[in-house]
Amino acid sequence: MLLATVTGDVALRIEAQDDSKTLDEVMQVLRNMYGDGIPNATGTMNSKWSQNPYVVGSWSDPVVGTDHNAHTYMASRIKNLFFGGEAAHGHWYGFMQGAYYSGLERANQIASLIQRENCEANQGPILSECVISQVPQRNGCGRPSYRP
Ligand SMILES: Cc1cc2nc3c(=O)[nH]c(=O)nc-3n(C[C@H](O)[C@H](O)[C@H](O)COP(=O)(O)OP(=O)(O)OC[C@H]3O[C@@H](n4cnc5c(N)ncnc54)[C@H](O)[C@@H]3O)c2cc1C
């Protein structure tokens, strides 16, 4: 069994064309390498990640000129809407561990906010709104220093 990976524009072209055409192209490459005498492949299986509506691609990959903070920006939240996944990790984007660490970070952020609301509710006035533009690292209850 042979496995080939294609990227960028070539990947999109391959996805769009008939699998038999792709097999012809692959066999041409192999014959250039090993000679005309090699047999035809008996089958082919092509992933079409960009056409899967639940995937729409494979992993995030910055193009030339991308701000190196782009993946960190992807992790910015909008009010109480949080973003996780490999694309939202500033260091390990593109990898499983990026998805994993990003998930842990978002979960910690959310847990910290819930904990803070509970702490404040137990300590006196219940604040209806969380100031969650930045989440401090805390071990227990107590008002974060940036709160007014
Ligand atoms: C071919 C291939 C090989 C790879 N090889 C490696 C490797 O060797 N090592 C490595 O570290 N990483 C590898 N990766 C990358 C790794 O798989 C990804 O970085 C990782 O899976 C990203 O995880 P994620 O949770 O961010 O996103 P995903 O795993 O893409 O999860 C997103 C989920 O959201 C779901 N979803 C999307 N839209 C909706 C919607 N509207 N409603 C509900 N659900 C939705 C999707 O179905 C999917 O289950 C590879 C990826 C591919 C495609």
# chains A, B, ... in the order shown; residues from 1 in each chain; ligands from 1
call {"tool": "residues_near_ligand", "arguments": {"ligand": "ligand 1", "cutoff": "10 Å", "atoms": "only C-alpha atoms and all ligand atoms", "output": "number ranges by chain"}}
result
A: 5, 47-50, 52-60, 83-89, 92-103
call {"tool": "write_last_selection", "arguments": {"atoms": "C-alpha atoms", "output": "mmCIF file, in the first residue's frame"}}
result
data_model
loop_
_atom_site.group_PDB
_atom_site.id
_atom_site.type_symbol
_atom_site.label_atom_id
_atom_site.label_comp_id
_atom_site.auth_asym_id
_atom_site.auth_seq_id
_atom_site.Cartn_x
_atom_site.Cartn_y
_atom_site.Cartn_z
ATOM 1 C CA THR A 5 0.141 13.491 0.761
ATOM 2 C CA SER A 47 -9.640 11.709 1.309
ATOM 3 C CA LYS A 48 -11.549 14.874 0.402
ATOM 4 C CA TRP A 49 -11.301 16.863 3.582
ATOM 5 C CA SER A 50 -12.178 20.242 2.100
ATOM 6 C CA ASN A 52 -16.591 17.419 4.076
ATOM 7 C CA PRO A 53 -18.973 20.022 5.540
ATOM 8 C CA TYR A 54 -18.016 19.024 9.106
ATOM 9 C CA VAL A 55 -14.311 19.302 8.494
ATOM 10 C CA VAL A 56 -13.752 21.805 5.657
ATOM 11 C CA GLY A 57 -10.036 21.185 5.402
ATOM 12 C CA SER A 58 -7.457 19.409 7.474
ATOM 13 C CA TRP A 59 -5.451 21.555 9.864
ATOM 14 C CA SER A 60 -4.624 25.240 10.060
ATOM 15 C CA PHE A 83 -12.992 29.077 20.859
ATOM 16 C CA GLY A 84 -10.863 25.948 21.163
ATOM 17 C CA GLY A 85 -9.132 23.516 18.860
ATOM 18 C CA GLU A 86 -5.751 23.255 17.231
ATOM 19 C CA ALA A 87 -6.218 26.492 15.283
ATOM 20 C CA ALA A 88 -6.692 28.345 18.558
ATOM 21 C CA HIS A 89 -3.376 27.365 20.089
ATOM 22 C CA TRP A 92 0.966 23.732 18.828
ATOM 23 C CA TYR A 93 -1.456 24.718 16.038
ATOM 24 C CA GLY A 94 -1.800 22.013 13.420
ATOM 25 C CA PHE A 95 -1.258 19.187 15.914
ATOM 26 C CA MET A 96 -3.315 16.993 18.229
ATOM 27 C CA GLN A 97 -1.623 18.454 21.272
ATOM 28 C CA GLY A 98 -2.684 21.939 20.129
ATOM 29 C CA ALA A 99 -6.310 20.778 20.198
ATOM 30 C CA TYR A 100 -5.758 19.111 23.572
ATOM 31 C CA TYR A 101 -4.000 22.002 25.292
ATOM 32 C CA SER A 102 -6.386 24.515 23.802
ATOM 33 C CA GLY A 103 -9.304 22.526 25.191
#
call {"tool": "select_by_dssp", "arguments": {"residues": "range 21-137 of chain A", "states": "alpha helix (DSSP H)", "output": "PyMOL selection string"}}
result
chain A and resi 21-34+70-74+96-123
call {"tool": "residues_around", "arguments": {"residues": "Leu2 in chain A", "least_positions_apart": "2", "cutoff": "12 Å", "atoms": "only C-alpha atoms", "output": "list of chain:residue names"}}
result
A:Ala4, A:Thr5, A:Leu23, A:Val26, A:Met27, A:Leu30, A:Ala41, A:Thr42, A:Gly43, A:Thr44, A:Met45, A:Asn46
call {"tool": "write_last_selection", "arguments": {"atoms": "C-alpha atoms", "output": "PDB file, in the first residue's frame"}}
result
ATOM      1  CA  ALA A   4       0.818  10.084  -0.735  1.00  0.00           C
ATOM      2  CA  THR A   5       0.141  13.491   0.761  1.00  0.00           C
ATOM      3  CA  LEU A  23      -4.734   7.224 -10.155  1.00  0.00           C
ATOM      4  CA  VAL A  26       0.057   8.638  -9.557  1.00  0.00           C
ATOM      5  CA  MET A  27       0.887   5.756 -11.914  1.00  0.00           C
ATOM      6  CA  LEU A  30       5.577   5.774 -10.294  1.00  0.00           C
ATOM      7  CA  ALA A  41      -2.525  -0.209  -8.735  1.00  0.00           C
ATOM      8  CA  THR A  42      -5.605  -2.295  -7.957  1.00  0.00           C
ATOM      9  CA  GLY A  43      -7.431   0.504  -6.175  1.00  0.00           C
ATOM     10  CA  THR A  44      -7.258   3.967  -4.753  1.00  0.00           C
ATOM     11  CA  MET A  45      -8.823   5.820  -1.850  1.00  0.00           C
ATOM     12  CA  ASN A  46      -8.732   9.604  -1.691  1.00  0.00           C
TER      13      ASN A  46
END
call {"tool": "closest_residue", "arguments": {"among": "A:Arg31, A:Arg106, A:Lys21, A:His68", "to": "Leu81 in chain A", "atoms": "only C-alpha atoms"}}
result
A:Arg106
call {"tool": "atom_distance", "arguments": {"atom1": "CA of Glu117 in chain A", "atom2": "CA of Leu104 in chain A"}}
result
19.9 Å
call {"tool": "atom_distance", "arguments": {"atom1": "CA of Thr7 in chain A", "atom2": "CA of Val29 in chain A"}}
result
16.7 Å
call {"tool": "atom_distance", "arguments": {"atom1": "CA of Gln109 in chain A", "atom2": "CA of Gly90 in chain A"}}
result
16.0 Å
call {"tool": "closest_residue", "arguments": {"among": "A:Phe82, A:Ala16, A:His91, A:Val6", "to": "Asn108 in chain A", "atoms": "only C-alpha atoms"}}
result
A:Phe82
